[in-house]
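Following: one structure in structure tokens, then a few remarks.
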Amino acid sequence: FEKSSYQVTVTHSSGGEANVSGTYLYDSQLSIEAIPASGYKFDGWSGNTELIAATQSVVNFNIPAENVTLHAEFSPISLSVSTAVVGNGSVSPGGTYNMFSTISLEATPDGIDGAAPRGYQLEKWIWTSSSGGSFNSTDNPLNLFIDANLSVSAVFSAIPPDLVSIDLVSSPSNGGTLFDDPEQRVWNVSADLFERRLSATENPGFSFLGCSSSAPLTFSPTWNSHSITVTPQSES
């Protein structure tokens, strides 16, 4: 007598691998591993699950006296983004998103009231990551790369008198984040203008090249520094 051979067929969904298909002798031991791709998780096995622990990514079993079929199922990892408002304004709602996706949040300041005769402005975004990071930006809308659970707050404040409007635009929009630090604004009394501290942070896969302006600005130390002080030449 001799042992018979049986076919083992292993398939998988998108988002991972599990390829150990082949022909094996009866009662020989086989080990199979389901490996999720980055941003995905292993959900379980289907098929001849009576032979294995269906929720474990690595399984070992002896070949039975029959052909075996197993299918590994993967799904995207879901992450949450929560949003909140500090001050007078509103912000896009948060939600649940696939890992490594990019989302856009928009802040809308309130209009004129007794406490703000010029209305309100977005002062800054503040967000924290479940991985431990803390970040700021003045981009609006704010484009976020989702690689962890995020808690995002939009901070609004009344528009002060004679504040020159500087609109920061990232090109391309997903290339990085820009920050007009409200705590680093210095009132230049002689020029009757605010000096502003601006910073640029690249997203993964991008390099910062520099800044340009549609209106006359003085850049210090240079236009291509990651952190610069800018001074408008007029109130426009």
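Simple scheme: letters A, B, ... for chains in structure tokens order, numbers from 1 for residues in each chain, numbers from 1 for ligands in the order shown.
If you count only C-alpha atoms and ignore residues fewer than 5 places along the chain from A:Pro36, what sits within 12 Å of it is A:His12, A:Ser13, A:Ser14, A:Gly15, A:Gly16, A:Glu17, A:Ala18, A:Lys41, A:Phe42, A:Asp43, A:Gly44, A:Ser57, A:Val58, A:Ala72, A:Glu73, A:Phe74, A:Ser75, A:Pro76, A:Ile77.
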Please, which residues in stretch 117-163 of chain A fall within 9 Å of stretch 80-83 of chain A when counting only C-alpha atoms, and what is the closest atom pair and distance in Å to one decimal for each, ordered by chain then residue number, as JSON lines?
```
{"residue": "A:Trp127", "atom": "CA", "partner": "A:Thr83", "partner_atom": "CA", "distance": 8.9}
{"residue": "A:Ile146", "atom": "CA", "partner": "A:Val81", "partner_atom": "CA", "distance": 8.5}
{"residue": "A:Ala148", "atom": "CA", "partner": "A:Ser80", "partner_atom": "CA", "distance": 7.8}
{"residue": "A:Asn149", "atom": "CA", "partner": "A:Ser80", "partner_atom": "CA", "distance": 5.0}
{"residue": "A:Leu150", "atom": "CA", "partner": "A:Val81", "partner_atom": "CA", "distance": 4.7}
{"residue": "A:Ser151", "atom": "CA", "partner": "A:Ser82", "partner_atom": "CA", "distance": 4.9}
{"residue": "A:Val152", "atom": "CA", "partner": "A:Thr83", "partner_atom": "CA", "distance": 4.7}
{"residue": "A:Ser153", "atom": "CA", "partner": "A:Thr83", "partner_atom": "CA", "distance": 5.6}
{"residue": "A:Ala154", "atom": "CA", "partner": "A:Thr83", "partner_atom": "CA", "distance": 7.7}
```
Now that the selection is made, can you save its residues with all heavy atoms as a short mmCIF file (atom, residue, chain, number, x, y, z; two decimals), in the first residue's frame?
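part23.cif was written with the following content:
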```
data_model
loop_
_atom_site.label_atom_id
_atom_site.label_comp_id
_atom_site.auth_asym_id
_atom_site.auth_seq_id
_atom_site.Cartn_x
_atom_site.Cartn_y
_atom_site.Cartn_z
N TRP A 127 -4.85 69.03 15.59
CA TRP A 127 -5.30 67.63 15.61
C TRP A 127 -4.24 66.76 16.25
O TRP A 127 -3.05 67.04 16.21
CB TRP A 127 -5.69 67.13 14.23
CG TRP A 127 -4.61 66.93 13.21
CD1 TRP A 127 -3.96 65.78 12.88
CD2 TRP A 127 -4.08 67.94 12.32
NE1 TRP A 127 -3.07 66.00 11.87
CE2 TRP A 127 -3.12 67.31 11.50
CE3 TRP A 127 -4.32 69.30 12.14
CZ2 TRP A 127 -2.40 67.99 10.53
CZ3 TRP A 127 -3.61 69.99 11.18
CH2 TRP A 127 -2.66 69.34 10.38
N ILE A 146 -4.82 59.73 6.29
CA ILE A 146 -5.32 58.96 7.42
C ILE A 146 -4.45 57.72 7.64
O ILE A 146 -4.52 56.74 6.90
CB ILE A 146 -6.79 58.53 7.20
CG1 ILE A 146 -7.66 59.73 6.83
CG2 ILE A 146 -7.32 57.84 8.46
CD1 ILE A 146 -7.66 60.83 7.86
N ALA A 148 -3.89 56.94 11.19
CA ALA A 148 -4.19 56.65 12.60
C ALA A 148 -5.54 57.29 12.90
O ALA A 148 -6.07 58.06 12.09
CB ALA A 148 -3.10 57.21 13.51
N ASN A 149 -6.12 56.97 14.07
CA ASN A 149 -7.32 57.67 14.51
C ASN A 149 -6.95 59.12 14.84
O ASN A 149 -5.93 59.38 15.48
CB ASN A 149 -7.92 56.99 15.74
CG ASN A 149 -8.40 55.58 15.45
OD1 ASN A 149 -9.03 55.33 14.43
ND2 ASN A 149 -8.10 54.66 16.35
N LEU A 150 -7.80 60.08 14.40
CA LEU A 150 -7.48 61.49 14.56
C LEU A 150 -8.60 62.22 15.29
O LEU A 150 -9.78 61.94 15.07
CB LEU A 150 -7.26 62.15 13.19
CG LEU A 150 -6.17 61.58 12.29
CD1 LEU A 150 -6.13 62.32 10.96
CD2 LEU A 150 -4.81 61.64 12.98
N SER A 151 -8.21 63.17 16.14
CA SER A 151 -9.15 64.10 16.77
C SER A 151 -8.77 65.50 16.29
O SER A 151 -7.66 65.97 16.56
CB SER A 151 -9.06 64.02 18.30
OG SER A 151 -9.43 62.73 18.76
N VAL A 152 -9.70 66.16 15.58
CA VAL A 152 -9.39 67.43 14.89
C VAL A 152 -10.28 68.54 15.45
O VAL A 152 -11.50 68.37 15.56
CB VAL A 152 -9.62 67.29 13.37
CG1 VAL A 152 -9.20 68.58 12.66
CG2 VAL A 152 -8.88 66.09 12.82
N SER A 153 -9.67 69.67 15.79
CA SER A 153 -10.42 70.85 16.26
C SER A 153 -10.12 72.03 15.35
O SER A 153 -8.96 72.28 14.98
CB SER A 153 -10.03 71.21 17.70
OG SER A 153 -10.41 70.18 18.60
N ALA A 154 -11.19 72.77 15.00
CA ALA A 154 -11.04 74.02 14.27
C ALA A 154 -11.18 75.16 15.28
O ALA A 154 -12.17 75.26 15.99
CB ALA A 154 -12.11 74.14 13.18
#
```
Can you pull out every residue within 10 Å of A:Ser173, counting only C-alpha atoms, but drop anything in the same chain fewer than 2 positions away, and send it as a CSV table (one decimal) with all heavy atoms, in the first residue's frame?
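And here's result21.csv as it stands now:
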```csv
chain,number,residue,atom,x,y,z
A,139,ASP,N,-4.4,75.6,6.8
A,139,ASP,CA,-5.0,75.3,5.5
A,139,ASP,C,-6.6,75.2,5.7
A,139,ASP,O,-7.1,74.7,6.7
A,139,ASP,CB,-4.5,74.0,5.0
A,139,ASP,CG,-3.1,74.0,4.6
A,139,ASP,OD1,-2.5,75.1,4.5
A,139,ASP,OD2,-2.5,72.9,4.3
A,141,PRO,N,-9.7,74.4,2.7
A,141,PRO,CA,-9.9,73.1,3.5
A,141,PRO,C,-8.6,72.5,3.9
A,141,PRO,O,-7.5,72.7,3.4
A,141,PRO,CB,-10.7,72.2,2.5
A,141,PRO,CG,-10.3,72.7,1.2
A,141,PRO,CD,-10.1,74.2,1.3
A,142,LEU,N,-8.7,71.6,4.9
A,142,LEU,CA,-7.5,70.8,5.4
A,142,LEU,C,-7.6,69.4,4.9
A,142,LEU,O,-8.6,68.7,5.0
A,142,LEU,CB,-7.6,70.8,7.0
A,142,LEU,CG,-6.6,69.9,7.7
A,142,LEU,CD1,-5.2,70.5,7.5
A,142,LEU,CD2,-6.9,69.8,9.1
A,143,ASN,N,-6.5,69.0,4.1
A,143,ASN,CA,-6.4,67.7,3.6
A,143,ASN,C,-5.6,66.8,4.5
A,143,ASN,O,-4.4,67.2,4.9
A,143,ASN,CB,-5.7,67.7,2.2
A,143,ASN,CG,-6.6,68.4,1.2
A,143,ASN,OD1,-7.8,68.1,1.0
A,143,ASN,ND2,-6.0,69.3,0.5
A,169,VAL,N,-2.0,78.6,-0.1
A,169,VAL,CA,-2.4,77.5,-1.0
A,169,VAL,C,-1.3,76.6,-1.2
A,169,VAL,O,-0.1,77.0,-1.6
A,169,VAL,CB,-2.8,78.1,-2.4
A,169,VAL,CG1,-3.3,77.0,-3.3
A,169,VAL,CG2,-4.0,79.1,-2.2
A,170,SER,N,-1.5,75.3,-1.0
A,170,SER,CA,-0.5,74.2,-1.3
A,170,SER,C,-0.7,73.7,-2.7
A,170,SER,O,-1.8,73.4,-3.1
A,170,SER,CB,-0.7,73.1,-0.2
A,170,SER,OG,0.2,72.1,-0.5
A,171,SER,N,0.4,73.6,-3.4
A,171,SER,CA,0.4,73.1,-4.8
A,171,SER,C,1.4,71.9,-4.9
A,171,SER,O,2.6,72.1,-4.7
A,171,SER,CB,0.8,74.2,-5.8
A,171,SER,OG,0.8,73.7,-7.1
A,175,GLY,N,0.2,68.0,-1.3
A,175,GLY,CA,1.7,67.9,-1.2
A,175,GLY,C,2.2,68.1,0.2
A,175,GLY,O,3.3,67.7,0.5
A,176,GLY,N,1.4,68.8,1.0
A,176,GLY,CA,1.8,69.1,2.4
A,176,GLY,C,0.9,70.0,3.1
A,176,GLY,O,-0.2,70.3,2.6
A,177,THR,N,1.2,70.4,4.3
A,177,THR,CA,0.4,71.3,5.1
A,177,THR,C,1.1,72.6,5.4
A,177,THR,O,2.4,72.6,5.5
A,177,THR,CB,0.0,70.7,6.4
A,177,THR,OG1,1.1,70.3,7.2
A,177,THR,CG2,-0.9,69.5,6.2
```
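Separating atom CA of A:Ile159 from atom CA of A:Val85 is a distance of 16.8 Å.
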7 Å contact set for stretch 197-207 of chain A, only C-alpha atoms, chain neighbours under 4 positions out, as a count of residues only
14
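The gap separating atom CA of A:Asp147 from atom CA of A:Ser129 is 8.7 Å, in Å to one decimal.
In terms of minimum interatomic distance to A:Pro182, A:Gln121 ranks closest within A:Gln56, A:Asn67, A:Asn98, A:Gln121, counting only C-alpha atoms.
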List as a VMD selection string the protein and nucleic acid residues near A:Leu25, meaning an atom at most 7 Å away when only C-alpha atoms are counted, but skip any in the same chain fewer than 6 places from it.
chain A and resid 3 to 6 63
Keeping only N, CA, C and O atoms, write the selected residues as a PDB file, in the first residue's frame.
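Writing done, so here's selection-v3.pdb:
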```
ATOM      1  N   LYS A   3       0.413   5.783   0.489  1.00  0.00           N
ATOM      2  CA  LYS A   3      -0.494   6.878   0.800  1.00  0.00           C
ATOM      3  C   LYS A   3      -0.972   7.576  -0.470  1.00  0.00           C
ATOM      4  O   LYS A   3      -0.202   7.738  -1.419  1.00  0.00           O
ATOM      5  N   SER A   4      -2.222   7.982  -0.421  1.00  0.00           N
ATOM      6  CA  SER A   4      -2.794   8.736  -1.542  1.00  0.00           C
ATOM      7  C   SER A   4      -2.442  10.214  -1.404  1.00  0.00           C
ATOM      8  O   SER A   4      -2.109  10.716  -0.335  1.00  0.00           O
ATOM      9  N   SER A   5      -2.518  10.928  -2.510  1.00  0.00           N
ATOM     10  CA  SER A   5      -2.274  12.373  -2.531  1.00  0.00           C
ATOM     11  C   SER A   5      -3.583  13.117  -2.730  1.00  0.00           C
ATOM     12  O   SER A   5      -4.486  12.638  -3.430  1.00  0.00           O
ATOM     13  N   TYR A   6      -3.668  14.293  -2.117  1.00  0.00           N
ATOM     14  CA  TYR A   6      -4.885  15.100  -2.205  1.00  0.00           C
ATOM     15  C   TYR A   6      -4.516  16.561  -2.515  1.00  0.00           C
ATOM     16  O   TYR A   6      -3.451  17.056  -2.129  1.00  0.00           O
ATOM     17  N   ILE A  63      -3.185  16.551   6.363  1.00  0.00           N
ATOM     18  CA  ILE A  63      -3.980  16.374   5.153  1.00  0.00           C
ATOM     19  C   ILE A  63      -4.968  15.218   5.348  1.00  0.00           C
ATOM     20  O   ILE A  63      -4.562  14.084   5.649  1.00  0.00           O
TER      21      ILE A  63
END
```
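Across the structure, atom CA of A:Val186 and atom CA of A:Asp113 are spaced 25.8 Å apart.
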Which of stretch 33-191 of chain A counts as strand (DSSP E) under DSSP, as an NGL selection string please?
:A and (33 or 35-36 or 40-47 or 58-62 or 68-76 or 78-86 or 89-91 or 95-98 or 102-105 or 107-109 or 120-129 or 134-137 or 142-145 or 150-158 or 176-180 or 186-188)
